[in-house]
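Enquirer: My questions all concern the structure below.
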There are 2 protein chains.
Amino acid sequence: MSDFKSEITEFAQAFETRFDAYLPAPAGLKARIAEAMRYTALGGGKRLRPYFVVTTAKMLGYDAEPAWRVAAALECVHVYSLVHDDLPCMDDDDLRRGKPTVHKAWDEATAVLTGDALLTHAFALMSAPMDGVDPHTQLALSAELARRSGEDGMIGGQMIDLSMDTHPQDEATITRLQDLKTGALIHYAISAPARLAGASDAQYNALSNYAKRVGLLFQITDDLLDVEGDAQLMGKAAGKDDDHGKATFVSILGVDGAKARAQDIARAAIADLDSFDTRARPLRNAVNFVLERRA
Amino acid sequence: MSDFKSEITEFAQAFETRFDAYLPAPAGLKARIAEAMRYTALGGGKRLRPYFVVTTAKMLGYDAEPAWRVAAALECVHVYSLVHDDLPCMDDDDLRRGKPTVHKAWDEATAVLTGDALLTHAFALMSAPMDGVDPHTQLALSAELARRSGEDGMIGGQMIDLSMDTHPQDEATITRLQDLKTGALIHYAISAPARLAGASDAQYNALSNYAKRVGLLFQITDDLLDVEGDAQLMGKAAGKDDDHGKATFVSILGVDGAKARAQDIARAAIADLDSFDTRARPLRNAVNFVLERRA
């Protein structure tokens, strides 16, 4: 557990240097847009999605620049979604990763455009030439990122979340919501490098199952943190979901029920990796990290 | 002129059918996002950018599905930018194409997500397999769409527009602003089909010059319409720029100066097409259409 913590911290530092280079430099009359993109994208975050991309690729024997690029594109999508989520008309958050959100540091219009620019930049990264990657594979990776980020993925989940008052507040609804809202990008973080590394169908399917469980685990622990978490560690306010009366895994299963469910899912996710050898150690540790995270 | 009007109206109808099929169908708990995407994307608009894509491709002898797909992707980007521009924190418009804007028909959060979903969908369209298109060409088309839509293109222009109070209010600034904000997507509408159709370098350069001039012409006539336009024909409020004290080509050059400049640019744009034969007639007519438009 503490090994993994130092591993992902070390990774986050290596990623930061690369991510910095992948982001545009502020220049000329439009400088503010690149400044705001860099302000919100750099200098924080667990970088769990990028970690999964690079680690899964390495596990499958692929260790080249395109894995880092795919990781950066995915992180651009994740960060843009946070910038828009934080807007007053969405979750209305003043803090993110311990610093003022973009609409607080600048204004709402800048935050809308900054999110748009990060989303667009993700696809700029995905479509620039990738050394040694078959262009059909690259197009498939880009298409999958669009699908998992869009109306049939993350945005679809956000839409369900926004319109929860019109849906049944049950476990099936919450599971579907989270499978899209959080699960889709986490799935991409594992399925994209599998595709990039030329995984076999059996490997791909095992990793896909693992990814689905980790995404669900991530959300259940997120809901638990929202009830039990430490606002200072999290860099954002805890207890927000309950304030808004939103259904969560905790409100439906209870704290103990949600914890038990998280344990079951964690065990199953580790079992998904049975066919991999010791190289899957980081992915096994990641499950425990998500299970036991405090922020 | 009236020939062109009927030509583009006919085109808009043909495009509508295809665009409808390229957009996702509402389904399940997340139905609202596809409903809002379709609400704002379908049933209106001049479709000038799609017209340029399909017409330029045809002029160069390319007449296949990918031209329509690129047109649809570009229109998704254009429409998303309108949805976000209309938000209260941006231009705060209640009407678009004669009907309530997305944040009026639903709410602001839905409008943010709908814009995000249309932008994402553009890249889903660009990265799905394109029959008969070399995958390197397809990646280049997608990369160029990202560049012209993003921080170094349309969004960069929007950012300059937002921060105009910190810039000199002169013609150089307005030209740079518009070159990015409006010009970048219009350029793509002409350069993308040139690339798709395998244009020669000389053809590409002539069309690129034409595109730059048409983009500028479009913005100058937009500023003139804002002063002289008919709100009912335009489906949105006229005189908004002046209300907001924004610098425009009209505020800098005066009405007569802006009209004279528009005439000069139109002549030069038509001259850019000299090396093309009678097949360039629609692109020549388009210049006069933009010059003389009333909405």
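Chain identifiers are assigned as A, B, and so on, following the order in which chains appear in the structure tokens; residues are numbered from 1 within each chain, and ligands are numbered from 1 in order of appearance.
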Would you list which chain B residues are within 8 Å of chain A using only C-alpha atoms, as JSON, numbers by chain?

Expert: {"B": [29, 30, 32, 33, 34, 84, 89, 90, 108, 109, 110, 112, 113, 116, 117, 119, 120, 121, 123, 124, 125, 126, 127, 128, 129, 135, 136, 139, 140, 142, 143, 144, 146, 147, 149, 150, 151, 155, 156, 157, 158, 159, 160, 162, 167]}

Enquirer: For C-alpha atoms, I'd like the residues from the last selection saved as a CSV table (one decimal), in the first residue's frame.

Expert:
```csv
chain,number,residue,atom,x,y,z
B,29,LEU,CA,-31.8,7.4,-18.8
B,30,LYS,CA,-29.5,9.8,-20.7
B,32,ARG,CA,-32.0,14.3,-22.7
B,33,ILE,CA,-28.5,14.9,-23.9
B,34,ALA,CA,-29.2,13.5,-27.4
B,84,HIS,CA,-21.8,27.9,-25.2
B,89,CYS,CA,-22.0,34.1,-18.7
B,90,MET,CA,-21.1,34.6,-22.4
B,108,GLU,CA,-27.6,26.1,-18.1
B,109,ALA,CA,-26.1,22.8,-17.0
B,110,THR,CA,-27.8,21.0,-19.8
B,112,VAL,CA,-22.9,23.2,-21.0
B,113,LEU,CA,-23.1,19.5,-21.4
B,116,ASP,CA,-19.5,19.5,-24.7
B,117,ALA,CA,-21.3,16.5,-26.3
B,119,LEU,CA,-17.8,19.0,-29.6
B,120,THR,CA,-17.0,15.4,-28.6
B,121,HIS,CA,-19.3,14.1,-31.3
B,123,PHE,CA,-14.3,13.9,-33.2
B,124,ALA,CA,-16.3,10.7,-33.0
B,125,LEU,CA,-17.4,11.4,-36.6
B,126,MET,CA,-13.9,12.3,-37.7
B,127,SER,CA,-12.4,9.1,-36.3
B,128,ALA,CA,-15.0,6.5,-37.3
B,129,PRO,CA,-13.8,4.6,-40.4
B,135,PRO,CA,-6.0,6.8,-42.6
B,136,HIS,CA,-3.1,9.3,-42.5
B,139,LEU,CA,-5.8,11.8,-39.0
B,140,ALA,CA,-4.6,15.0,-40.6
B,142,SER,CA,-9.0,15.4,-37.5
B,143,ALA,CA,-5.8,17.2,-36.3
B,144,GLU,CA,-6.7,20.2,-38.4
B,146,ALA,CA,-8.8,20.3,-33.5
B,147,ARG,CA,-6.3,23.0,-34.3
B,149,SER,CA,-11.4,24.8,-33.3
B,150,GLY,CA,-9.1,25.0,-30.3
B,151,GLU,CA,-6.9,27.5,-28.4
B,155,ILE,CA,-11.5,29.3,-28.9
B,156,GLY,CA,-8.4,31.6,-29.1
B,157,GLY,CA,-10.5,34.1,-30.9
B,158,GLN,CA,-13.3,33.8,-28.4
B,159,MET,CA,-10.7,34.4,-25.6
B,160,ILE,CA,-9.4,37.6,-27.3
B,162,LEU,CA,-13.6,38.1,-23.9
B,167,HIS,CA,-6.1,44.9,-25.8
```

Enquirer: Can you list, as a PyMOL selection string, every residue of region 28-227 of chain A that DSSP puts in strand (DSSP E)?

Expert: chain A and resi 95-96+99-100

Enquirer: In Å, rounded to a single decimal, give me how far CA of Asp222 (chain B) is from CA of Lys181 (chain B).

Expert: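 Computing it gives 12.5 Å between the two atoms.
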
Enquirer: Could you check the closest approach to Ala247 (chain A) for each of A:Ala25, A:Ile174, A:Ala197, A:Ala105 and tell me which residue wins, using only C-alpha atoms?

Expert: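 Once distances to Ala247 (chain A) are computed over only C-alpha atoms, the minimum belongs to A:Ile174.
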
Enquirer: Could you give me the residues within region 60-234 of chain B that DSSP places in helix (DSSP H, G or I), as a short mmCIF file (atom, residue, chain, number, x, y, z; two decimals) with N, CA and C atoms, in the first residue's frame?

Expert:
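Full text of states.cif as output:
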```
data_model
loop_
_atom_site.label_atom_id
_atom_site.label_comp_id
_atom_site.auth_asym_id
_atom_site.auth_seq_id
_atom_site.Cartn_x
_atom_site.Cartn_y
_atom_site.Cartn_z
N GLU B 65 -19.25 10.00 -49.38
CA GLU B 65 -19.79 10.17 -48.02
C GLU B 65 -18.87 10.92 -47.07
N PRO B 66 -17.55 10.65 -47.08
CA PRO B 66 -16.70 11.37 -46.12
C PRO B 66 -16.79 12.89 -46.19
N ALA B 67 -17.08 13.44 -47.37
CA ALA B 67 -17.23 14.91 -47.45
C ALA B 67 -18.42 15.35 -46.59
N TRP B 68 -19.51 14.61 -46.66
CA TRP B 68 -20.68 14.94 -45.83
C TRP B 68 -20.38 14.74 -44.35
N ARG B 69 -19.59 13.74 -44.05
CA ARG B 69 -19.25 13.47 -42.65
C ARG B 69 -18.40 14.59 -42.08
N VAL B 70 -17.39 15.02 -42.86
CA VAL B 70 -16.55 16.13 -42.42
C VAL B 70 -17.42 17.38 -42.24
N ALA B 71 -18.35 17.58 -43.17
CA ALA B 71 -19.28 18.73 -43.06
C ALA B 71 -20.08 18.65 -41.77
N ALA B 72 -20.55 17.46 -41.44
CA ALA B 72 -21.35 17.29 -40.22
C ALA B 72 -20.51 17.52 -38.97
N ALA B 73 -19.27 17.03 -38.99
CA ALA B 73 -18.39 17.23 -37.83
C ALA B 73 -18.12 18.72 -37.64
N LEU B 74 -17.85 19.41 -38.72
CA LEU B 74 -17.59 20.84 -38.64
C LEU B 74 -18.82 21.58 -38.13
N GLU B 75 -19.98 21.19 -38.60
CA GLU B 75 -21.21 21.84 -38.14
C GLU B 75 -21.45 21.56 -36.65
N CYS B 76 -21.09 20.36 -36.19
CA CYS B 76 -21.17 20.07 -34.74
C CYS B 76 -20.32 21.05 -33.95
N VAL B 77 -19.12 21.33 -34.44
CA VAL B 77 -18.25 22.29 -33.75
C VAL B 77 -18.89 23.68 -33.77
N HIS B 78 -19.39 24.07 -34.93
CA HIS B 78 -20.02 25.39 -35.03
C HIS B 78 -21.22 25.50 -34.08
N VAL B 79 -22.06 24.49 -34.08
CA VAL B 79 -23.26 24.53 -33.24
C VAL B 79 -22.90 24.52 -31.75
N TYR B 80 -21.93 23.68 -31.37
CA TYR B 80 -21.53 23.68 -29.96
C TYR B 80 -21.06 25.07 -29.53
N SER B 81 -20.32 25.74 -30.43
CA SER B 81 -19.79 27.06 -30.06
C SER B 81 -20.94 28.06 -29.87
N LEU B 82 -22.01 27.90 -30.63
CA LEU B 82 -23.17 28.77 -30.46
C LEU B 82 -23.87 28.49 -29.12
N VAL B 83 -24.01 27.21 -28.79
CA VAL B 83 -24.68 26.85 -27.53
C VAL B 83 -23.92 27.44 -26.33
N HIS B 84 -22.60 27.32 -26.34
CA HIS B 84 -21.82 27.89 -25.24
C HIS B 84 -21.79 29.43 -25.31
N ASP B 85 -21.69 29.99 -26.53
CA ASP B 85 -21.72 31.46 -26.67
C ASP B 85 -23.01 32.06 -26.12
N VAL B 102 -30.61 26.64 -25.80
CA VAL B 102 -30.66 25.40 -25.01
C VAL B 102 -30.83 25.69 -23.52
N HIS B 103 -30.14 26.70 -23.02
CA HIS B 103 -30.27 26.98 -21.57
C HIS B 103 -31.62 27.57 -21.23
N LYS B 104 -32.35 28.08 -22.23
CA LYS B 104 -33.73 28.53 -21.99
C LYS B 104 -34.70 27.36 -22.11
N ALA B 105 -34.48 26.50 -23.10
CA ALA B 105 -35.37 25.36 -23.31
C ALA B 105 -35.20 24.33 -22.18
N GLU B 108 -29.03 25.82 -17.75
CA GLU B 108 -27.62 26.11 -18.08
C GLU B 108 -26.74 24.87 -18.06
N ALA B 109 -26.94 24.03 -17.06
CA ALA B 109 -26.09 22.84 -16.96
C ALA B 109 -26.28 21.95 -18.20
N THR B 110 -27.53 21.80 -18.64
CA THR B 110 -27.79 21.01 -19.84
C THR B 110 -27.12 21.66 -21.06
N ALA B 111 -27.12 22.98 -21.10
CA ALA B 111 -26.48 23.67 -22.24
C ALA B 111 -24.97 23.45 -22.24
N VAL B 112 -24.36 23.49 -21.06
CA VAL B 112 -22.91 23.23 -20.99
C VAL B 112 -22.62 21.83 -21.52
N LEU B 113 -23.37 20.84 -21.01
CA LEU B 113 -23.14 19.45 -21.41
C LEU B 113 -23.46 19.22 -22.89
N THR B 114 -24.50 19.90 -23.39
CA THR B 114 -24.88 19.71 -24.79
C THR B 114 -23.78 20.23 -25.72
N GLY B 115 -23.21 21.38 -25.37
CA GLY B 115 -22.09 21.89 -26.15
C GLY B 115 -20.92 20.91 -26.09
N ASP B 116 -20.60 20.44 -24.90
CA ASP B 116 -19.51 19.47 -24.74
C ASP B 116 -19.75 18.22 -25.58
N ALA B 117 -21.00 17.76 -25.57
CA ALA B 117 -21.33 16.52 -26.29
C ALA B 117 -21.22 16.72 -27.80
N LEU B 118 -21.63 17.88 -28.30
CA LEU B 118 -21.52 18.14 -29.74
C LEU B 118 -20.05 18.23 -30.16
N LEU B 119 -19.24 18.88 -29.34
CA LEU B 119 -17.81 18.98 -29.65
C LEU B 119 -17.18 17.58 -29.67
N THR B 120 -17.50 16.78 -28.67
CA THR B 120 -16.98 15.41 -28.61
C THR B 120 -17.46 14.61 -29.81
N HIS B 121 -18.73 14.80 -30.17
CA HIS B 121 -19.29 14.05 -31.29
C HIS B 121 -18.59 14.39 -32.61
N ALA B 122 -18.16 15.63 -32.74
CA ALA B 122 -17.42 16.01 -33.96
C ALA B 122 -16.23 15.07 -34.16
N PHE B 123 -15.52 14.79 -33.07
CA PHE B 123 -14.33 13.94 -33.19
C PHE B 123 -14.69 12.46 -33.27
N ALA B 124 -15.85 12.09 -32.77
CA ALA B 124 -16.34 10.73 -33.01
C ALA B 124 -16.57 10.54 -34.51
N LEU B 125 -17.20 11.53 -35.15
CA LEU B 125 -17.44 11.45 -36.59
C LEU B 125 -16.12 11.42 -37.37
N MET B 126 -15.16 12.22 -36.93
CA MET B 126 -13.89 12.31 -37.66
C MET B 126 -13.03 11.06 -37.52
N SER B 127 -13.27 10.27 -36.46
CA SER B 127 -12.38 9.13 -36.26
C SER B 127 -13.03 7.78 -36.57
N PRO B 135 -5.91 6.52 -44.04
CA PRO B 135 -6.02 6.85 -42.60
C PRO B 135 -5.10 7.99 -42.17
N HIS B 136 -3.96 8.17 -42.86
CA HIS B 136 -3.11 9.32 -42.53
C HIS B 136 -3.81 10.63 -42.89
N THR B 137 -4.49 10.62 -44.04
CA THR B 137 -5.26 11.82 -44.43
C THR B 137 -6.36 12.08 -43.41
N GLN B 138 -7.02 11.01 -42.99
CA GLN B 138 -8.10 11.17 -42.01
C GLN B 138 -7.58 11.75 -40.70
N LEU B 139 -6.44 11.24 -40.24
CA LEU B 139 -5.85 11.79 -39.01
C LEU B 139 -5.48 13.26 -39.19
N ALA B 140 -4.96 13.61 -40.37
CA ALA B 140 -4.59 15.01 -40.63
C ALA B 140 -5.83 15.89 -40.64
N LEU B 141 -6.93 15.39 -41.18
CA LEU B 141 -8.20 16.15 -41.18
C LEU B 141 -8.69 16.37 -39.75
N SER B 142 -8.56 15.34 -38.93
CA SER B 142 -9.00 15.44 -37.54
C SER B 142 -8.08 16.40 -36.77
N ALA B 143 -6.78 16.30 -37.01
CA ALA B 143 -5.82 17.20 -36.34
C ALA B 143 -6.10 18.65 -36.73
N GLU B 144 -6.41 18.86 -38.01
CA GLU B 144 -6.65 20.24 -38.44
C GLU B 144 -7.96 20.78 -37.84
N LEU B 145 -8.96 19.92 -37.73
CA LEU B 145 -10.21 20.38 -37.09
C LEU B 145 -9.94 20.77 -35.64
N ALA B 146 -9.13 19.97 -34.94
CA ALA B 146 -8.81 20.29 -33.55
C ALA B 146 -8.06 21.62 -33.47
N ARG B 147 -7.10 21.80 -34.37
CA ARG B 147 -6.31 23.04 -34.31
C ARG B 147 -7.18 24.26 -34.60
N ARG B 148 -8.00 24.16 -35.63
CA ARG B 148 -8.79 25.34 -36.02
C ARG B 148 -9.95 25.60 -35.06
N SER B 149 -10.33 24.60 -34.27
CA SER B 149 -11.41 24.79 -33.30
C SER B 149 -10.89 25.22 -31.93
N MET B 154 -10.58 28.88 -33.16
CA MET B 154 -11.83 29.53 -32.73
C MET B 154 -11.83 29.93 -31.26
N ILE B 155 -11.44 29.00 -30.37
CA ILE B 155 -11.49 29.33 -28.94
C ILE B 155 -10.51 30.46 -28.61
N GLY B 156 -9.35 30.45 -29.26
CA GLY B 156 -8.41 31.56 -29.07
C GLY B 156 -9.06 32.89 -29.43
N GLY B 157 -9.82 32.90 -30.52
CA GLY B 157 -10.52 34.12 -30.92
C GLY B 157 -11.58 34.52 -29.91
N GLN B 158 -12.28 33.54 -29.39
CA GLN B 158 -13.30 33.85 -28.37
C GLN B 158 -12.64 34.43 -27.12
N MET B 159 -11.45 33.89 -26.80
CA MET B 159 -10.72 34.38 -25.62
C MET B 159 -10.31 35.84 -25.82
N ILE B 160 -9.81 36.17 -27.03
CA ILE B 160 -9.44 37.57 -27.30
C ILE B 160 -10.68 38.45 -27.15
N ASP B 161 -11.78 37.97 -27.69
CA ASP B 161 -13.03 38.71 -27.62
C ASP B 161 -13.41 39.00 -26.16
N LEU B 162 -13.28 37.99 -25.32
CA LEU B 162 -13.63 38.13 -23.89
C LEU B 162 -12.72 39.12 -23.17
N MET B 164 -11.07 41.75 -24.50
CA MET B 164 -10.81 42.93 -25.34
C MET B 164 -10.46 44.17 -24.53
N ASP B 165 -10.96 44.25 -23.30
CA ASP B 165 -10.66 45.43 -22.49
C ASP B 165 -9.18 45.55 -22.16
N THR B 166 -8.43 44.47 -22.35
CA THR B 166 -6.99 44.52 -22.05
C THR B 166 -6.15 44.69 -23.32
N GLU B 171 -7.69 47.98 -35.64
CA GLU B 171 -8.05 47.05 -36.71
C GLU B 171 -7.20 45.78 -36.65
N ALA B 172 -5.94 45.91 -36.28
CA ALA B 172 -5.06 44.72 -36.21
C ALA B 172 -5.61 43.72 -35.18
N THR B 173 -6.05 44.24 -34.04
CA THR B 173 -6.58 43.36 -33.00
C THR B 173 -7.88 42.69 -33.45
N ILE B 174 -8.77 43.50 -34.03
CA ILE B 174 -10.05 42.94 -34.49
C ILE B 174 -9.83 41.91 -35.59
N THR B 175 -8.88 42.20 -36.47
CA THR B 175 -8.62 41.27 -37.57
C THR B 175 -8.09 39.94 -37.02
N ARG B 176 -7.17 40.02 -36.06
CA ARG B 176 -6.62 38.80 -35.46
C ARG B 176 -7.72 38.02 -34.73
N LEU B 177 -8.53 38.77 -33.98
CA LEU B 177 -9.64 38.16 -33.25
C LEU B 177 -10.55 37.38 -34.22
N GLN B 178 -10.93 38.05 -35.29
CA GLN B 178 -11.90 37.45 -36.21
C GLN B 178 -11.28 36.35 -37.05
N ASP B 179 -10.00 36.52 -37.36
CA ASP B 179 -9.30 35.49 -38.12
C ASP B 179 -9.39 34.16 -37.37
N LEU B 180 -9.30 34.24 -36.04
CA LEU B 180 -9.41 33.03 -35.23
C LEU B 180 -10.87 32.68 -34.98
N LYS B 181 -11.64 33.63 -34.48
CA LYS B 181 -12.99 33.33 -33.99
C LYS B 181 -13.93 32.82 -35.09
N THR B 182 -13.95 33.51 -36.21
CA THR B 182 -14.84 33.11 -37.31
C THR B 182 -14.05 32.48 -38.44
N GLY B 183 -12.86 33.05 -38.70
CA GLY B 183 -12.10 32.63 -39.87
C GLY B 183 -11.62 31.19 -39.82
N ALA B 184 -11.26 30.72 -38.64
CA ALA B 184 -10.62 29.40 -38.55
C ALA B 184 -11.56 28.29 -39.04
N LEU B 185 -12.82 28.32 -38.64
CA LEU B 185 -13.75 27.26 -39.08
C LEU B 185 -14.11 27.41 -40.56
N ILE B 186 -14.22 28.65 -41.02
CA ILE B 186 -14.51 28.84 -42.46
C ILE B 186 -13.32 28.36 -43.29
N HIS B 187 -12.14 28.61 -42.79
CA HIS B 187 -10.95 28.10 -43.49
C HIS B 187 -11.01 26.58 -43.57
N TYR B 188 -11.34 25.96 -42.47
CA TYR B 188 -11.42 24.49 -42.46
C TYR B 188 -12.46 23.99 -43.46
N ALA B 189 -13.56 24.73 -43.59
CA ALA B 189 -14.63 24.33 -44.50
C ALA B 189 -14.15 24.26 -45.94
N ILE B 190 -13.05 24.91 -46.24
CA ILE B 190 -12.53 24.92 -47.60
C ILE B 190 -11.21 24.14 -47.70
N SER B 191 -10.37 24.23 -46.67
CA SER B 191 -9.10 23.50 -46.74
C SER B 191 -9.28 22.00 -46.50
N ALA B 192 -10.24 21.62 -45.65
CA ALA B 192 -10.45 20.19 -45.37
C ALA B 192 -10.88 19.43 -46.63
N PRO B 193 -11.90 19.92 -47.36
CA PRO B 193 -12.27 19.19 -48.58
C PRO B 193 -11.15 19.21 -49.62
N ALA B 194 -10.34 20.28 -49.64
CA ALA B 194 -9.21 20.31 -50.58
C ALA B 194 -8.25 19.16 -50.26
N ARG B 195 -8.00 18.96 -48.98
CA ARG B 195 -7.14 17.86 -48.55
C ARG B 195 -7.78 16.51 -48.86
N LEU B 196 -9.06 16.41 -48.56
CA LEU B 196 -9.80 15.16 -48.79
C LEU B 196 -9.79 14.79 -50.27
N ASP B 201 -0.78 21.44 -54.55
CA ASP B 201 -0.35 22.53 -53.68
C ASP B 201 -0.88 23.87 -54.19
N ALA B 202 -0.82 24.07 -55.51
CA ALA B 202 -1.28 25.35 -56.08
C ALA B 202 -2.78 25.53 -55.82
N GLN B 203 -3.53 24.46 -56.02
CA GLN B 203 -4.98 24.53 -55.75
C GLN B 203 -5.23 24.82 -54.27
N TYR B 204 -4.50 24.09 -53.41
CA TYR B 204 -4.69 24.25 -51.98
C TYR B 204 -4.41 25.70 -51.57
N ASN B 205 -3.31 26.26 -52.09
CA ASN B 205 -2.94 27.63 -51.70
C ASN B 205 -3.97 28.65 -52.19
N ALA B 206 -4.45 28.48 -53.42
CA ALA B 206 -5.46 29.41 -53.94
C ALA B 206 -6.72 29.33 -53.08
N LEU B 207 -7.12 28.10 -52.74
CA LEU B 207 -8.34 27.93 -51.94
C LEU B 207 -8.13 28.45 -50.52
N SER B 208 -6.93 28.30 -50.01
CA SER B 208 -6.64 28.80 -48.67
C SER B 208 -6.74 30.33 -48.64
N ASN B 209 -6.22 30.99 -49.68
CA ASN B 209 -6.36 32.46 -49.75
C ASN B 209 -7.83 32.86 -49.85
N TYR B 210 -8.55 32.16 -50.70
CA TYR B 210 -9.99 32.41 -50.85
C TYR B 210 -10.69 32.27 -49.49
N ALA B 211 -10.35 31.20 -48.78
CA ALA B 211 -11.00 30.92 -47.49
C ALA B 211 -10.72 32.03 -46.49
N LYS B 212 -9.48 32.49 -46.44
CA LYS B 212 -9.14 33.58 -45.50
C LYS B 212 -9.96 34.83 -45.80
N ARG B 213 -10.11 35.14 -47.10
CA ARG B 213 -10.85 36.35 -47.45
C ARG B 213 -12.34 36.18 -47.16
N VAL B 214 -12.87 34.99 -47.44
CA VAL B 214 -14.30 34.78 -47.19
C VAL B 214 -14.59 34.87 -45.69
N GLY B 215 -13.69 34.35 -44.87
CA GLY B 215 -13.86 34.43 -43.42
C GLY B 215 -13.93 35.87 -42.94
N LEU B 216 -13.02 36.67 -43.45
CA LEU B 216 -12.98 38.09 -43.08
C LEU B 216 -14.23 38.81 -43.58
N LEU B 217 -14.58 38.50 -44.82
CA LEU B 217 -15.79 39.10 -45.41
C LEU B 217 -17.01 38.75 -44.56
N PHE B 218 -17.06 37.50 -44.13
CA PHE B 218 -18.19 37.04 -43.33
C PHE B 218 -18.30 37.85 -42.05
N GLN B 219 -17.16 38.13 -41.43
CA GLN B 219 -17.20 38.86 -40.17
C GLN B 219 -17.56 40.32 -40.37
N ILE B 220 -17.04 40.92 -41.44
CA ILE B 220 -17.37 42.34 -41.69
C ILE B 220 -18.87 42.48 -41.97
N THR B 221 -19.41 41.57 -42.77
CA THR B 221 -20.85 41.66 -43.04
C THR B 221 -21.66 41.34 -41.78
N ASP B 222 -21.10 40.48 -40.91
CA ASP B 222 -21.77 40.21 -39.64
C ASP B 222 -21.85 41.48 -38.80
N ASP B 223 -20.77 42.22 -38.75
CA ASP B 223 -20.75 43.48 -37.99
C ASP B 223 -21.71 44.48 -38.62
N LEU B 224 -21.76 44.51 -39.96
CA LEU B 224 -22.70 45.44 -40.63
C LEU B 224 -24.14 45.05 -40.33
N LEU B 225 -24.40 43.74 -40.37
CA LEU B 225 -25.76 43.26 -40.05
C LEU B 225 -26.15 43.61 -38.63
N ASP B 226 -25.17 43.55 -37.74
CA ASP B 226 -25.47 43.84 -36.35
C ASP B 226 -25.97 45.28 -36.20
N VAL B 227 -25.49 46.18 -37.08
CA VAL B 227 -25.90 47.57 -37.04
C VAL B 227 -27.18 47.78 -37.85
N GLU B 228 -27.25 47.12 -39.02
CA GLU B 228 -28.32 47.42 -39.97
C GLU B 228 -29.33 46.28 -40.10
N ALA B 231 -33.76 41.97 -36.96
CA ALA B 231 -33.73 40.96 -35.90
C ALA B 231 -34.60 39.76 -36.25
N GLN B 232 -35.71 40.02 -36.93
CA GLN B 232 -36.63 38.93 -37.24
C GLN B 232 -36.01 37.97 -38.25
N LEU B 233 -35.40 38.55 -39.31
CA LEU B 233 -34.73 37.73 -40.30
C LEU B 233 -33.56 36.95 -39.69
N MET B 234 -32.84 37.61 -38.77
CA MET B 234 -31.65 36.99 -38.20
C MET B 234 -31.97 35.96 -37.11
#
```

Enquirer: If you measure from CA of Trp106 (chain A) to CA of Gln169 (chain B), what distance in Å do you get, rounded to one decimal?

Expert: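 Result for CA of Trp106 (chain A) versus CA of Gln169 (chain B): 21.6 Å, one decimal.
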
Enquirer: Under the rule that only C-alpha atoms are counted, which of A:Asp92, A:Leu291, A:Asp274, A:Lys246 is the nearest residue to Arg261 (chain A)?

Expert: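 Selected residue with least distance to Arg261 (chain A): A:Leu291.
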
Enquirer: So what do you get for CA of Thr101 (chain A) versus CA of Phe19 (chain A), distance-wise?

Expert: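 So the answer is 19.5 Å.
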
Enquirer: Nearest to Ala36 (chain B): which of B:Leu48, B:Ala64, B:Leu23, B:Ala57 is it, counting only C-alpha atoms?

Expert: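 Between B:Leu48, B:Ala64, B:Leu23, B:Ala57, the residue approaching Ala36 (chain B) most closely is B:Leu23.
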